[in-house]
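The block underneath contains the structure these notes are about, expressed in structure tokens.
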Amino acid sequence: QVEQQCYNLYGIPVIVGGWRKDNGIARGIVATSSYEARRFGIKTGMSAYEAVQICPYIVPLQVHYEKYQAISREINAVLNGFAHEIEAYSMDEYFLEVSFLLKRDRREIVDFGTRLKNEIYRKTKLTASVGIAYSKTYSKLASDLQKPNGLAVVLDTEEAAQFLYPLSLNEVWGIGRRRFEKLKHEGVETICD
């Protein structure tokens, strides 16, 4: 999103990472990709060469860590207005301790998430996806449910069973491709399994 915003590349498939050799062949690894690129099946960790094979007109850009760190600081400042405890998981993913919402009704919890998303957009012009759940892992999974620009709330085990249990285990952080293949071979494919 940051690069799309900087270069007005909205709606265009973009990858960040990798480079082109003098002969034009793409090399390196995709650090991230726009949602437009992801629709083609381009993923983080894929080779830039493979990404160009899938989508020959993809726009490759170099990584600009300083730019992302500056935006990350802006987002962190917003988050500090919403929670006292914030854990940065990466430059663009955070966990907020929001147990103060426990006694609130669903409408207030959704309003909290909506205000958070709106404030991030107001300060940075970037959309955010928010997941609110009763565990850290479930909040991470919930935040991915309605990307981009989503808000998902999972407040109890019934909602977890409905929204999260059907998800593939490879959606769970810490379960990589090889571990997932091993689990799948043993008949365990979904969170429910």
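Chain labels run A, B, ... following the order of the structure tokens; each chain numbers its residues from 1, and ligands are numbered from 1 in the order shown.
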
> Which neighbours of Leu61 of chain A fall inside 7 Å, counting only C-alpha atoms, when residues of the same chain fewer than 2 positions from it are skipped, and could you give them as a list in words?
Replying inline: Ile15, Val16, Gly17, Val59 and Val63 of chain A

I need the chosen residues saved as a CSV table (one decimal), in the first residue's frame, with N, CA, C and O atoms.
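Result written to again-v4.csv:
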```
chain,number,residue,atom,x,y,z
A,15,ILE,N,4.9,-5.8,-6.9
A,15,ILE,CA,5.7,-6.6,-5.9
A,15,ILE,C,6.8,-5.7,-5.4
A,15,ILE,O,7.3,-4.8,-6.1
A,16,VAL,N,7.1,-5.9,-4.1
A,16,VAL,CA,8.3,-5.3,-3.5
A,16,VAL,C,9.3,-6.3,-3.2
A,16,VAL,O,9.0,-7.3,-2.6
A,17,GLY,N,10.5,-6.1,-3.7
A,17,GLY,CA,11.6,-7.1,-3.5
A,17,GLY,C,12.0,-7.6,-4.8
A,17,GLY,O,11.3,-7.5,-5.8
A,59,VAL,N,4.5,-4.7,-11.6
A,59,VAL,CA,5.5,-3.7,-11.4
A,59,VAL,C,6.4,-4.0,-10.2
A,59,VAL,O,5.9,-4.2,-9.1
A,63,VAL,N,12.7,-2.5,-2.1
A,63,VAL,CA,12.4,-2.3,-0.7
A,63,VAL,C,12.9,-1.0,-0.2
A,63,VAL,O,14.1,-0.7,-0.5
```

> What are the DSSP strand (DSSP E or B) residues of segment 106-157 of chain A, as a VMD selection string?
Replying inline: chain A and resid 130 to 133 151 to 154

>> To test your reading of the structure, identify every residue in segment 52-149 of chain A that backbone DSSP assigns to helix (DSSP H, G or I), and report it as an NGL selection string.
In response: :A and (52-54 or 65-80 or 99-101 or 106-124 or 136-145)

>> List as number ranges by chain the protein and nucleic acid residues near Ala77 of chain A, meaning an atom at most 12 Å away when only C-alpha atoms are counted, but skip any in the same chain fewer than 5 places from it.
In response: A: 70-72, 82-84, 86, 94, 116, 119-120, 123-124

If we count only C-alpha atoms and set the cut-off at 10 Å, which residues sit around Tyr165 of chain A, ignoring sequence neighbours fewer than 6 positions away in its own chain? Please answer as a PDB file with N, CA and C atoms, in the first residue's frame.
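Dumped everything to result10.pdb:
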```
ATOM      1  N   THR A 157     -16.280 -19.315  21.543  1.00  0.00           N
ATOM      2  CA  THR A 157     -15.921 -20.555  20.849  1.00  0.00           C
ATOM      3  C   THR A 157     -16.886 -20.881  19.712  1.00  0.00           C
ATOM      4  N   GLU A 158     -18.143 -20.470  19.837  1.00  0.00           N
ATOM      5  CA  GLU A 158     -19.101 -20.728  18.752  1.00  0.00           C
ATOM      6  C   GLU A 158     -18.701 -19.944  17.498  1.00  0.00           C
ATOM      7  N   GLU A 159     -18.302 -18.681  17.679  1.00  0.00           N
ATOM      8  CA  GLU A 159     -17.859 -17.880  16.529  1.00  0.00           C
ATOM      9  C   GLU A 159     -16.538 -18.409  15.976  1.00  0.00           C
ATOM     10  N   THR A 190      -7.343 -28.735   8.568  1.00  0.00           N
ATOM     11  CA  THR A 190      -8.000 -27.503   9.009  1.00  0.00           C
ATOM     12  C   THR A 190      -7.741 -27.271  10.492  1.00  0.00           C
ATOM     13  N   ILE A 191      -8.047 -26.067  10.948  1.00  0.00           N
ATOM     14  CA  ILE A 191      -7.931 -25.767  12.373  1.00  0.00           C
ATOM     15  C   ILE A 191      -8.848 -26.683  13.162  1.00  0.00           C
ATOM     16  N   CYS A 192     -10.009 -26.979  12.648  1.00  0.00           N
ATOM     17  CA  CYS A 192     -10.930 -27.897  13.306  1.00  0.00           C
ATOM     18  C   CYS A 192     -10.284 -29.278  13.498  1.00  0.00           C
ATOM     19  N   ASP A 193      -9.605 -29.760  12.455  1.00  0.00           N
ATOM     20  CA  ASP A 193      -8.922 -31.055  12.551  1.00  0.00           C
ATOM     21  C   ASP A 193      -7.924 -31.053  13.686  1.00  0.00           C
TER      22      ASP A 193
END
```

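With only C-alpha atoms as the atoms that count, the residue of A:Val2, A:Val14, A:Ala31, A:Ile175 with the shortest distance to Ala128 of chain A is A:Val2.
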
> With only C-alpha atoms as the atoms that count, which of A:Pro13, A:Ile29, A:Arg115, A:Arg104 lies nearest to Ile54 of chain A?
Replying inline: A:Pro13

> Which polymer residues have any atom within 12 Å of an atom of segment 185-188 of chain A, counting only C-alpha atoms, with same-chain residues fewer than 4 positions away left out, as a ChimeraX atom specification?
Replying inline: /A:165-170,178-181,192-193

Within 12 Å of Glu74 of chain A, counting only C-alpha atoms, which residues show up once you throw out same-chain ones fewer than 5 positions away? Write them as a PDB file with all heavy atoms, in the first residue's frame, please.
```pdb
ATOM      1  N   LYS A  67      11.296   4.153   4.660  1.00  0.00           N
ATOM      2  CA  LYS A  67       9.936   4.638   4.397  1.00  0.00           C
ATOM      3  C   LYS A  67       8.926   3.841   5.221  1.00  0.00           C
ATOM      4  O   LYS A  67       8.041   4.406   5.862  1.00  0.00           O
ATOM      5  CB  LYS A  67       9.633   4.498   2.899  1.00  0.00           C
ATOM      6  CG  LYS A  67       8.368   5.169   2.443  1.00  0.00           C
ATOM      7  CD  LYS A  67       8.006   4.852   0.993  1.00  0.00           C
ATOM      8  CE  LYS A  67       9.132   4.909   0.004  1.00  0.00           C
ATOM      9  NZ  LYS A  67       8.692   4.642  -1.375  1.00  0.00           N
ATOM     10  N   TYR A  68       9.072   2.521   5.229  1.00  0.00           N
ATOM     11  CA  TYR A  68       8.135   1.665   5.954  1.00  0.00           C
ATOM     12  C   TYR A  68       8.269   1.868   7.464  1.00  0.00           C
ATOM     13  O   TYR A  68       7.276   1.852   8.188  1.00  0.00           O
ATOM     14  CB  TYR A  68       8.349   0.191   5.601  1.00  0.00           C
ATOM     15  CG  TYR A  68       8.454  -0.074   4.117  1.00  0.00           C
ATOM     16  CD1 TYR A  68       9.326  -1.021   3.625  1.00  0.00           C
ATOM     17  CD2 TYR A  68       7.687   0.653   3.199  1.00  0.00           C
ATOM     18  CE1 TYR A  68       9.440  -1.259   2.261  1.00  0.00           C
ATOM     19  CE2 TYR A  68       7.794   0.424   1.845  1.00  0.00           C
ATOM     20  CZ  TYR A  68       8.683  -0.533   1.378  1.00  0.00           C
ATOM     21  OH  TYR A  68       8.799  -0.759   0.032  1.00  0.00           O
ATOM     22  N   GLN A  69       9.493   2.084   7.926  1.00  0.00           N
ATOM     23  CA  GLN A  69       9.691   2.335   9.352  1.00  0.00           C
ATOM     24  C   GLN A  69       9.025   3.642   9.769  1.00  0.00           C
ATOM     25  O   GLN A  69       8.438   3.718  10.850  1.00  0.00           O
ATOM     26  CB  GLN A  69      11.184   2.356   9.687  1.00  0.00           C
ATOM     27  CG  GLN A  69      11.819   0.981   9.639  1.00  0.00           C
ATOM     28  CD  GLN A  69      13.329   1.026   9.749  1.00  0.00           C
ATOM     29  OE1 GLN A  69      13.974   1.999   9.363  1.00  0.00           O
ATOM     30  NE2 GLN A  69      13.911  -0.056  10.256  1.00  0.00           N
ATOM     31  N   LEU A  79      -1.989   3.686  17.412  1.00  0.00           N
ATOM     32  CA  LEU A  79      -2.333   2.564  18.278  1.00  0.00           C
ATOM     33  C   LEU A  79      -2.211   2.933  19.752  1.00  0.00           C
ATOM     34  O   LEU A  79      -2.993   2.470  20.577  1.00  0.00           O
ATOM     35  CB  LEU A  79      -1.460   1.354  17.961  1.00  0.00           C
ATOM     36  CG  LEU A  79      -1.553   0.807  16.531  1.00  0.00           C
ATOM     37  CD1 LEU A  79      -0.619  -0.382  16.365  1.00  0.00           C
ATOM     38  CD2 LEU A  79      -2.968   0.446  16.161  1.00  0.00           C
ATOM     39  N   ASN A  80      -1.237   3.779  20.076  1.00  0.00           N
ATOM     40  CA  ASN A  80      -1.057   4.211  21.463  1.00  0.00           C
ATOM     41  C   ASN A  80      -2.265   4.968  21.991  1.00  0.00           C
ATOM     42  O   ASN A  80      -2.456   5.029  23.199  1.00  0.00           O
ATOM     43  CB  ASN A  80       0.208   5.064  21.601  1.00  0.00           C
ATOM     44  CG  ASN A  80       1.438   4.215  21.778  1.00  0.00           C
ATOM     45  OD1 ASN A  80       1.503   3.397  22.675  1.00  0.00           O
ATOM     46  ND2 ASN A  80       2.406   4.393  20.891  1.00  0.00           N
ATOM     47  N   GLY A  81      -3.074   5.509  21.109  1.00  0.00           N
ATOM     48  CA  GLY A  81      -4.301   6.174  21.526  1.00  0.00           C
ATOM     49  C   GLY A  81      -5.448   5.201  21.769  1.00  0.00           C
ATOM     50  O   GLY A  81      -6.516   5.602  22.240  1.00  0.00           O
ATOM     51  N   MET A  91       6.666  -4.827  10.984  1.00  0.00           N
ATOM     52  CA  MET A  91       6.469  -3.408  10.688  1.00  0.00           C
ATOM     53  C   MET A  91       5.021  -3.060  10.401  1.00  0.00           C
ATOM     54  O   MET A  91       4.612  -1.921  10.542  1.00  0.00           O
ATOM     55  CB  MET A  91       7.330  -2.988   9.486  1.00  0.00           C
ATOM     56  CG  MET A  91       8.655  -2.436   9.886  1.00  0.00           C
ATOM     57  SD  MET A  91       9.441  -1.569   8.529  1.00  0.00           S
ATOM     58  CE  MET A  91      10.338  -2.895   7.784  1.00  0.00           C
ATOM     59  N   ASP A  92       4.234  -4.053   9.984  1.00  0.00           N
ATOM     60  CA  ASP A  92       2.850  -3.747   9.620  1.00  0.00           C
ATOM     61  C   ASP A  92       1.821  -4.617  10.340  1.00  0.00           C
ATOM     62  O   ASP A  92       0.671  -4.684   9.934  1.00  0.00           O
ATOM     63  CB  ASP A  92       2.663  -3.841   8.107  1.00  0.00           C
ATOM     64  CG  ASP A  92       2.817  -5.257   7.582  1.00  0.00           C
ATOM     65  OD1 ASP A  92       3.369  -6.115   8.290  1.00  0.00           O
ATOM     66  OD2 ASP A  92       2.380  -5.515   6.453  1.00  0.00           O
ATOM     67  N   GLU A 119      -8.988   5.817  12.133  1.00  0.00           N
ATOM     68  CA  GLU A 119      -7.907   6.706  12.571  1.00  0.00           C
ATOM     69  C   GLU A 119      -6.601   6.379  11.853  1.00  0.00           C
ATOM     70  O   GLU A 119      -5.845   7.282  11.483  1.00  0.00           O
ATOM     71  CB  GLU A 119      -7.731   6.622  14.088  1.00  0.00           C
ATOM     72  CG  GLU A 119      -6.770   7.628  14.666  1.00  0.00           C
ATOM     73  CD  GLU A 119      -7.189   9.082  14.479  1.00  0.00           C
ATOM     74  OE1 GLU A 119      -8.343   9.373  14.102  1.00  0.00           O
ATOM     75  OE2 GLU A 119      -6.333   9.962  14.732  1.00  0.00           O
ATOM     76  N   ILE A 120      -6.329   5.104  11.630  1.00  0.00           N
ATOM     77  CA  ILE A 120      -5.140   4.729  10.848  1.00  0.00           C
ATOM     78  C   ILE A 120      -5.242   5.319   9.450  1.00  0.00           C
ATOM     79  O   ILE A 120      -4.288   5.898   8.925  1.00  0.00           O
ATOM     80  CB  ILE A 120      -4.962   3.194  10.802  1.00  0.00           C
ATOM     81  CG1 ILE A 120      -4.557   2.667  12.178  1.00  0.00           C
ATOM     82  CG2 ILE A 120      -3.941   2.784   9.734  1.00  0.00           C
ATOM     83  CD1 ILE A 120      -4.583   1.158  12.308  1.00  0.00           C
ATOM     84  N   TYR A 121      -6.430   5.220   8.857  1.00  0.00           N
ATOM     85  CA  TYR A 121      -6.603   5.778   7.507  1.00  0.00           C
ATOM     86  C   TYR A 121      -6.466   7.303   7.520  1.00  0.00           C
ATOM     87  O   TYR A 121      -5.828   7.890   6.647  1.00  0.00           O
ATOM     88  CB  TYR A 121      -7.956   5.368   6.919  1.00  0.00           C
ATOM     89  CG  TYR A 121      -8.090   5.816   5.486  1.00  0.00           C
ATOM     90  CD1 TYR A 121      -7.479   5.100   4.461  1.00  0.00           C
ATOM     91  CD2 TYR A 121      -8.763   6.992   5.163  1.00  0.00           C
ATOM     92  CE1 TYR A 121      -7.549   5.530   3.144  1.00  0.00           C
ATOM     93  CE2 TYR A 121      -8.845   7.423   3.853  1.00  0.00           C
ATOM     94  CZ  TYR A 121      -8.232   6.693   2.849  1.00  0.00           C
ATOM     95  OH  TYR A 121      -8.284   7.133   1.557  1.00  0.00           O
ATOM     96  N   ARG A 122      -7.051   7.933   8.509  1.00  0.00           N
ATOM     97  CA  ARG A 122      -6.996   9.406   8.585  1.00  0.00           C
ATOM     98  C   ARG A 122      -5.554   9.893   8.693  1.00  0.00           C
ATOM     99  O   ARG A 122      -5.161  10.851   8.037  1.00  0.00           O
ATOM    100  CB  ARG A 122      -7.813   9.894   9.780  1.00  0.00           C
ATOM    101  CG  ARG A 122      -8.014  11.402   9.818  1.00  0.00           C
ATOM    102  CD  ARG A 122      -8.878  11.833  10.984  1.00  0.00           C
ATOM    103  NE  ARG A 122      -8.163  11.806  12.249  1.00  0.00           N
ATOM    104  CZ  ARG A 122      -7.235  12.693  12.626  1.00  0.00           C
ATOM    105  NH1 ARG A 122      -6.901  13.683  11.827  1.00  0.00           N
ATOM    106  NH2 ARG A 122      -6.649  12.592  13.791  1.00  0.00           N
ATOM    107  N   LYS A 123      -4.746   9.200   9.476  1.00  0.00           N
ATOM    108  CA  LYS A 123      -3.357   9.629   9.700  1.00  0.00           C
ATOM    109  C   LYS A 123      -2.409   9.220   8.584  1.00  0.00           C
ATOM    110  O   LYS A 123      -1.425   9.915   8.334  1.00  0.00           O
ATOM    111  CB  LYS A 123      -2.831   9.045  11.016  1.00  0.00           C
ATOM    112  CG  LYS A 123      -3.479   9.607  12.242  1.00  0.00           C
ATOM    113  CD  LYS A 123      -2.951  10.973  12.562  1.00  0.00           C
ATOM    114  CE  LYS A 123      -3.464  11.388  13.935  1.00  0.00           C
ATOM    115  NZ  LYS A 123      -2.952  12.669  14.338  1.00  0.00           N
ATOM    116  N   THR A 124      -2.663   8.087   7.919  1.00  0.00           N
ATOM    117  CA  THR A 124      -1.687   7.549   6.958  1.00  0.00           C
ATOM    118  C   THR A 124      -2.231   7.368   5.546  1.00  0.00           C
ATOM    119  O   THR A 124      -1.462   7.129   4.631  1.00  0.00           O
ATOM    120  CB  THR A 124      -1.159   6.178   7.426  1.00  0.00           C
ATOM    121  OG1 THR A 124      -2.233   5.232   7.381  1.00  0.00           O
ATOM    122  CG2 THR A 124      -0.560   6.260   8.817  1.00  0.00           C
ATOM    123  N   LYS A 125      -3.548   7.414   5.393  1.00  0.00           N
ATOM    124  CA  LYS A 125      -4.218   7.096   4.119  1.00  0.00           C
ATOM    125  C   LYS A 125      -3.999   5.636   3.713  1.00  0.00           C
ATOM    126  O   LYS A 125      -4.098   5.283   2.539  1.00  0.00           O
ATOM    127  CB  LYS A 125      -3.777   8.029   2.983  1.00  0.00           C
ATOM    128  CG  LYS A 125      -4.105   9.479   3.213  1.00  0.00           C
ATOM    129  CD  LYS A 125      -5.591   9.702   3.365  1.00  0.00           C
ATOM    130  CE  LYS A 125      -5.956  11.147   3.567  1.00  0.00           C
ATOM    131  NZ  LYS A 125      -6.492  11.460   4.876  1.00  0.00           N
ATOM    132  N   LEU A 126      -3.724   4.773   4.693  1.00  0.00           N
ATOM    133  CA  LEU A 126      -3.575   3.339   4.454  1.00  0.00           C
ATOM    134  C   LEU A 126      -4.752   2.603   5.081  1.00  0.00           C
ATOM    135  O   LEU A 126      -5.204   2.961   6.165  1.00  0.00           O
ATOM    136  CB  LEU A 126      -2.280   2.814   5.072  1.00  0.00           C
ATOM    137  CG  LEU A 126      -0.984   3.412   4.544  1.00  0.00           C
ATOM    138  CD1 LEU A 126       0.200   2.920   5.362  1.00  0.00           C
ATOM    139  CD2 LEU A 126      -0.783   3.088   3.074  1.00  0.00           C
TER     140      LEU A 126
END
```

Neighbouring residues of Phe112 of chain A were defined as those with any atom within 10 Å, considering only C-alpha atoms; residues of the same chain fewer than 6 positions away were excluded. Please report them as a PDB file with N, CA and C atoms, in the first residue's frame.
```pdb
ATOM      1  N   PHE A  82      -5.241   3.921  21.464  1.00  0.00           N
ATOM      2  CA  PHE A  82      -6.301   2.919  21.588  1.00  0.00           C
ATOM      3  C   PHE A  82      -6.010   1.841  22.628  1.00  0.00           C
ATOM      4  N   VAL A  98      -6.491  -5.507  24.614  1.00  0.00           N
ATOM      5  CA  VAL A  98      -7.780  -4.799  24.718  1.00  0.00           C
ATOM      6  C   VAL A  98      -8.746  -5.522  25.651  1.00  0.00           C
ATOM      7  N   LEU A 101     -12.169  -4.321  26.818  1.00  0.00           N
ATOM      8  CA  LEU A 101     -13.397  -4.485  26.025  1.00  0.00           C
ATOM      9  C   LEU A 101     -14.224  -5.697  26.462  1.00  0.00           C
ATOM     10  N   ARG A 106     -21.143  -6.359  21.809  1.00  0.00           N
ATOM     11  CA  ARG A 106     -20.569  -6.521  20.469  1.00  0.00           C
ATOM     12  C   ARG A 106     -20.531  -5.201  19.696  1.00  0.00           C
ATOM     13  N   ASN A 118     -10.393   3.644  11.069  1.00  0.00           N
ATOM     14  CA  ASN A 118     -10.606   4.991  10.533  1.00  0.00           C
ATOM     15  C   ASN A 118      -9.482   5.943  10.913  1.00  0.00           C
ATOM     16  N   ILE A 132     -10.434  -8.833  16.158  1.00  0.00           N
ATOM     17  CA  ILE A 132     -10.593  -8.775  17.618  1.00  0.00           C
ATOM     18  C   ILE A 132     -11.117 -10.133  18.060  1.00  0.00           C
TER      19      ILE A 132
END
```
